[in-house]
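Peer 1: Sharing a structure below in structure tokens format, with a few things to ask.
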Amino acid sequence: MKVAETVIDVLARDGVTHLFGVPGGGSSLDLIDAASRKGLHFVLTRTETGAAFMAATMADLSGSIGVALATQGPGTASAVNGVAQAWLDKSPLVLFTDGWSGERARFDTHQRYDQPALLSGLVKGSSTLDGPDPAGEFAGLTATAKTAPMGPVYVELTGEVARRQADAAGPVPAIETEAAGECADALALLAGAKRPVIVAGLEARHPGVAAALQDLAEVLRCPVLTTYKAKGAIPSSHDLFVGLFTGGALEAPCVSEADLIVLVGFDPVELIGKPWPYAAPVLDVGSLAYDPHYVEPKAVCRGDLAAALGKLRGGAALSGWPAEDIAVHKAAMAARLADEVAGNSGLSPVDVVKTVQAASGAHRPRAAVDAGAHMFSAMAYWEVTAPNEIFISNGLATMGYSLPAAIAASLADPDRPVIAFTGDGGLLMCAGELATAADVGAWIVVVVFNDSGLSLIELKQRARQLPQGNLRWSGVDFAQMAAGAGVHGQRATTLEALSDAVAQAMTRRGPSLIDVPIDPSGYDQQSAALRG
């Protein structure tokens, strides 16, 4: 076998079904050829960043490793933002790029720089696969990517190495998972709590963990909040789910009543960057410790997260939380984010999210949410029933994420539609991927919150009392843009028109875009309620 074939064999045995990227003329072509002969699909994306977003999303949904391809030089540099997203949101990803063979490296400086050095702070490991056992080396690299904390790895693969003969791949290394400890201190702390509050984070998005979390919460009958990435670890409709935890002001009235805060799979990368405001002791339940962290826990329970939660459940008892108090906190959190639109220049973002869900609810679409002010409404009001039903770049909080993520989610589950909530600025950063959506026939609906500017940055500009007006741009007709890329596009200026457009898109089973004029005047209130 050739090295490229052994690499693809390892990926296929891991459950990989798709490769995403913009190839160059070197090893990426060898990988694509080997993948096609093995039955893996290559998706030609319009951007390398989009390819990495798609690969990471596919990994999150499938449990396998995501695969992105890029050429050397500019392709590698362009992929960096997507690799950074996978690094901070803990998604297992392998980025392959072309490289320079030993002979070329002696004279060729065109497009050349130290690619491994560029990526070194964003990957868990890297290789050129030019050693005596490339198959074993690559299998070990994929195991590294999937070991907590999960994240990206990098392979700079020259065409010379990709076409070199190699032994067939051996067994894929098992992923090492540390058994849950005795957790005696954690059990004692939980037993003494009368009003515990559970805050579930990024690691709780895994289905087995989510089930164990819900079991523990139902024994305790205590409030549960989740970070953005963990939304769905307990259903939105569950009477114990109070709302979202971001490190801001919105959750404070509920969490301040706790005499114990139980962090479950909590990664501090998800918080907005304010000092920890709570005096209650903290119990940290997770597979590993994070440093730095916002708070020093009073007790910890480390190891396999589902098993650790099972140990706590065995020692848990009914808390002192009255059901009516939990219900009051849940209603109050939702009410504080209900935007009050002062003008009539567009639709309310909250009403847009609720209308889209009502019109598409029977199809149970997933959602992907871009960075921007619209995410306040989308994350708070989109109802989910399970983990990985809503996607967002939270650790990196990058724009241009939701459209590529929605495409990948559709490819992972073609019979389930995906809503991509994006601002106009975010879509303009990745608009070429509309053509990718058309090429692969992704069943997605792109909902554009169109207010012709960078509303979230304007919030910060106003807070600093700086001159306004330089963060606006001329209006873009996104419906026409979509049509030019082969995507059904239309504009909806009323909630009735939006509801009809979504209902039509649900029957189309292909890509659609709805351009929605938004009144951004409610964002100030939402930001103040959320972040303080």
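Labels for the structure tokens follow display order: chains A, B, ..., residues from 1 in each chain, ligands from 1.
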Find the residues near Ser127 of chain A: any atom within 12 Å, counting only C-alpha atoms, skip ones fewer than 6 places away on the same chain, and give them as a PyMOL selection string.
Peer 2: chain A and resi 94-97+99+115-116+119-120+133-142+153-158+161
Peer 1: Suppose you want the space between atom CA of Asp9 of chain A and atom CA of Asp413 of chain A; what is it in Å?
Peer 2: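 Value for the atom CA of Asp9 of chain A-atom CA of Asp413 of chain A distance: 22.9 Å.
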Peer 1: Give me, as an NGL selection string, the residues of segment 208-418 of chain A that a backbone DSSP run labels helix (DSSP H, G or I).
Peer 2: :A and (208-220 or 252-255 or 268-270 or 305-315 or 323-336 or 349-363 or 375-381 or 402-412)
Peer 1: Store the residues picked out above in a file with C-alpha atoms, as a short mmCIF file (atom, residue, chain, number, x, y, z; two decimals), in the first residue's frame.
Peer 2:
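Once everything was written out, this is again_22.cif:
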data_model
loop_
_atom_site.label_atom_id
_atom_site.label_comp_id
_atom_site.auth_asym_id
_atom_site.auth_seq_id
_atom_site.Cartn_x
_atom_site.Cartn_y
_atom_site.Cartn_z
CA GLY A 208 -23.97 9.11 27.40
CA VAL A 209 -22.91 11.99 29.61
CA ALA A 210 -26.14 13.88 28.96
CA ALA A 211 -28.23 10.90 30.10
CA ALA A 212 -26.21 10.57 33.32
CA LEU A 213 -26.49 14.32 33.92
CA GLN A 214 -30.26 14.22 33.61
CA ASP A 215 -30.44 11.24 35.99
CA LEU A 216 -28.47 13.13 38.64
CA ALA A 217 -30.53 16.29 38.21
CA GLU A 218 -33.79 14.38 38.58
CA VAL A 219 -32.63 12.75 41.81
CA LEU A 220 -31.59 16.14 43.21
CA ALA A 252 -26.93 35.36 38.53
CA PRO A 253 -30.33 35.48 40.33
CA CYS A 254 -30.63 31.70 40.16
CA VAL A 255 -26.99 30.72 40.75
CA PRO A 268 -13.78 27.73 31.21
CA VAL A 269 -13.13 28.64 27.56
CA GLU A 270 -16.89 29.07 27.20
CA LEU A 305 -17.63 11.71 33.09
CA ALA A 306 -20.67 9.46 32.75
CA ALA A 307 -19.26 7.08 35.37
CA ALA A 308 -18.43 9.97 37.71
CA LEU A 309 -21.99 11.27 37.44
CA GLY A 310 -23.24 7.77 38.20
CA LYS A 311 -21.20 7.71 41.41
CA LEU A 312 -22.66 11.05 42.47
CA ARG A 313 -26.17 9.89 41.66
CA GLY A 314 -25.69 6.93 43.97
CA GLY A 315 -25.02 9.27 46.89
CA ALA A 323 -40.37 23.36 42.18
CA GLU A 324 -42.07 26.75 41.99
CA ASP A 325 -38.77 28.55 42.67
CA ILE A 326 -37.10 26.76 39.75
CA ALA A 327 -40.03 27.62 37.49
CA VAL A 328 -39.85 31.29 38.50
CA HIS A 329 -36.14 31.46 37.67
CA LYS A 330 -36.71 29.81 34.29
CA ALA A 331 -39.48 32.23 33.32
CA ALA A 332 -37.50 35.23 34.56
CA MET A 333 -34.41 34.34 32.51
CA ALA A 334 -36.47 34.03 29.35
CA ALA A 335 -38.30 37.29 30.04
CA ARG A 336 -35.10 39.27 30.57
CA PRO A 349 -34.76 38.81 16.40
CA VAL A 350 -36.65 36.93 19.13
CA ASP A 351 -39.79 36.79 16.97
CA VAL A 352 -37.70 35.58 14.02
CA VAL A 353 -36.27 32.65 16.00
CA LYS A 354 -39.66 31.68 17.43
CA THR A 355 -41.33 31.93 14.01
CA VAL A 356 -38.68 29.79 12.32
CA GLN A 357 -39.02 27.08 14.96
CA ALA A 358 -42.82 27.10 14.84
CA ALA A 359 -42.85 26.84 11.05
CA SER A 360 -40.31 24.02 10.94
CA GLY A 361 -40.98 22.22 14.20
CA ALA A 362 -42.54 19.07 12.75
CA HIS A 363 -39.27 18.38 10.92
CA MET A 375 -26.89 34.75 18.81
CA PHE A 376 -28.50 36.16 22.01
CA SER A 377 -31.95 35.34 20.63
CA ALA A 378 -31.03 32.20 18.71
CA MET A 379 -29.28 30.47 21.60
CA ALA A 380 -31.86 31.47 24.21
CA TYR A 381 -35.06 30.70 22.31
CA SER A 402 -22.88 28.65 10.94
CA LEU A 403 -23.24 28.08 7.18
CA PRO A 404 -20.34 25.57 6.92
CA ALA A 405 -21.47 23.87 10.14
CA ALA A 406 -25.02 23.53 8.81
CA ILE A 407 -23.76 21.96 5.57
CA ALA A 408 -21.79 19.35 7.50
CA ALA A 409 -24.71 18.61 9.84
CA SER A 410 -26.92 18.03 6.80
CA LEU A 411 -24.38 15.68 5.24
CA ALA A 412 -24.10 13.76 8.50
#
Peer 1: Find the residues around Thr147 of chain A up to 9 Å (only C-alpha atoms counted), leave out those fewer than 5 positions away in its own chain, and share them as a PyMOL selection string.
Peer 2: chain A and resi 92+142+175-177
Peer 1: Using only C-alpha atoms, which of the listed residues (A:Gly201, A:Pro207, A:Pro152, A:Gly247) sits closest to Gly286 of chain A?
Peer 2: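 Between A:Gly201, A:Pro207, A:Pro152, A:Gly247, the residue approaching Gly286 of chain A most closely is A:Gly201.
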Peer 1: Restricting the calculation to only C-alpha atoms: of A:Leu428, A:Ile65, A:Ala34, A:Leu434, which residue gets closest to Gly151 of chain A?
Peer 2: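 So, comparing all the options, the nearest one is A:Ile65.
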Peer 1: Could you list, as a list in words, every residue within 6 Å of Val3 of chain A, counting only C-alpha atoms and ignoring same-chain residues fewer than 6 positions away?
Peer 2: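 My reading of the contact set: Ala162, Arg164 and Ala166 of chain A.
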Peer 1: What would the file look like if the residues just selected were written as a PDB file, in the first residue's frame with N, CA and C atoms?
Peer 2:
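Generated output (part.pdb):
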ATOM      1  N   ALA A 162       3.428  10.690   0.311  1.00  0.00           N
ATOM      2  CA  ALA A 162       2.097  10.119   0.100  1.00  0.00           C
ATOM      3  C   ALA A 162       2.137   8.931  -0.845  1.00  0.00           C
ATOM      4  N   ARG A 164       4.798   6.951  -1.323  1.00  0.00           N
ATOM      5  CA  ARG A 164       5.791   5.950  -0.912  1.00  0.00           C
ATOM      6  C   ARG A 164       5.090   4.672  -0.457  1.00  0.00           C
ATOM      7  N   ALA A 166       4.214   1.538   1.839  1.00  0.00           N
ATOM      8  CA  ALA A 166       4.161   1.394   3.297  1.00  0.00           C
ATOM      9  C   ALA A 166       3.404   0.128   3.645  1.00  0.00           C
TER      10      ALA A 166
END
Peer 1: May I ask for the distance between atom CA of Pro74 of chain A and atom CA of Gly400 of chain A, given in Å to one decimal place?
Peer 2: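 If I compute the distance from atom CA of Pro74 of chain A to atom CA of Gly400 of chain A, I get 18.6 Å.
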Peer 1: Can you work out which one of A:Leu459, A:Ile198, A:Leu513, A:Leu129 has the shortest atom-to-atom distance to Ser319 of chain A, counting only C-alpha atoms?
Peer 2: A:Ile198
Peer 1: Please identify the strand (DSSP E) residues within segment 59-197 of chain A (assignment by DSSP from backbone atoms) and present them as a list in words.
Peer 2: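 Listing strand (DSSP E) positions across segment 59-197 of chain A yields Gly66, Val67, Ala68, Leu69, Ala70, Leu93, Val94, Leu95, Phe96, Thr97, Ser126, Ser127, Pro152, Val153, Tyr154, Val155, Glu156, Pro196 and Val197 of chain A.
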Peer 1: Select, from A:Pro281, A:Met399, A:Thr128, A:Ser91, the residue with the minimum atom-to-atom distance to Leu189 of chain A, counting only C-alpha atoms.
Peer 2: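 Going through A:Pro281, A:Met399, A:Thr128, A:Ser91 one by one, the smallest distance to Leu189 of chain A is for A:Pro281.
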Peer 1: For the atom pair atom CA of Phe42 of chain A and atom CA of Ala12 of chain A, what is the interatomic distance in Å to one decimal place?
Peer 2: 12.9 Å
Peer 1: Can you pull out every residue within 6 Å of segment 44-51 of chain A, counting only C-alpha atoms, but drop anything in the same chain fewer than 3 positions away, and send it as an MDAnalysis selection string?
Peer 2: chainID A and resid 20:22 54 68 78:79 81:82 404 432:433 436
Peer 1: Using only C-alpha atoms, determine which residues lie at most 10 Å from Ala86 of chain A, disregarding the query and same-chain residues fewer than 3 positions distant; provide the list as a PyMOL selection string.
Peer 2: chain A and resi 52-53+55-57+59-60+66+80-83+89-94+122-123+150-153+393+395-396
Peer 1: Residues within 12 Å of His488 of chain A, please, as a VMD selection string. Count only C-alpha atoms; anything in the same chain fewer than 3 positions from it doesn't count.
Peer 2: chain A and resid 434 to 435 437 to 438 441 to 446 478 to 485 491 501 to 502 504 to 505 508 to 515
Peer 1: Convert the current residue selection to file output with C-alpha atoms, as a tab-separated table (two decimals), in the first residue's frame.
Peer 2:
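Writing done, so here's result30.tsv:
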chain	number	residue	atom	x	y	z
A	434	LEU	CA	-23.63	28.76	-0.52
A	435	ALA	CA	-22.34	27.22	-3.75
A	437	ALA	CA	-24.45	23.79	-0.22
A	438	ALA	CA	-25.96	23.77	-3.69
A	441	GLY	CA	-27.76	19.36	-2.05
A	442	ALA	CA	-27.64	20.15	1.67
A	443	TRP	CA	-31.08	20.43	3.28
A	444	ILE	CA	-30.39	23.72	5.02
A	445	VAL	CA	-32.24	26.99	5.52
A	446	VAL	CA	-29.99	30.02	5.94
A	478	PHE	CA	-28.79	38.11	-0.07
A	479	ALA	CA	-31.70	36.51	-1.90
A	480	GLN	CA	-30.12	37.44	-5.23
A	481	MET	CA	-26.72	36.35	-3.99
A	482	ALA	CA	-28.17	32.96	-3.06
A	483	ALA	CA	-29.86	32.55	-6.43
A	484	GLY	CA	-26.56	33.22	-8.16
A	485	ALA	CA	-25.01	30.35	-6.19
A	491	ARG	CA	-36.77	38.03	1.29
A	501	ALA	CA	-40.85	30.80	3.47
A	502	VAL	CA	-39.67	28.38	6.15
A	504	GLN	CA	-41.74	26.00	1.79
A	505	ALA	CA	-38.07	25.36	2.52
A	508	ARG	CA	-37.72	21.58	-0.78
A	509	ARG	CA	-35.08	19.22	0.74
A	510	GLY	CA	-32.33	21.38	-0.66
A	511	PRO	CA	-30.60	24.63	0.28
A	512	SER	CA	-32.68	27.77	0.84
A	513	LEU	CA	-31.91	31.26	2.10
A	514	ILE	CA	-34.29	33.76	3.69
A	515	ASP	CA	-33.12	37.37	3.92
Peer 1: Considering only C-alpha atoms, state which residue in the set A:Thr494, A:Ala168, A:Tyr523, A:Val447 is at the smallest distance from Arg462 of chain A.
Peer 2: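 Among A:Thr494, A:Ala168, A:Tyr523, A:Val447, it is A:Tyr523 that comes nearest to Arg462 of chain A.
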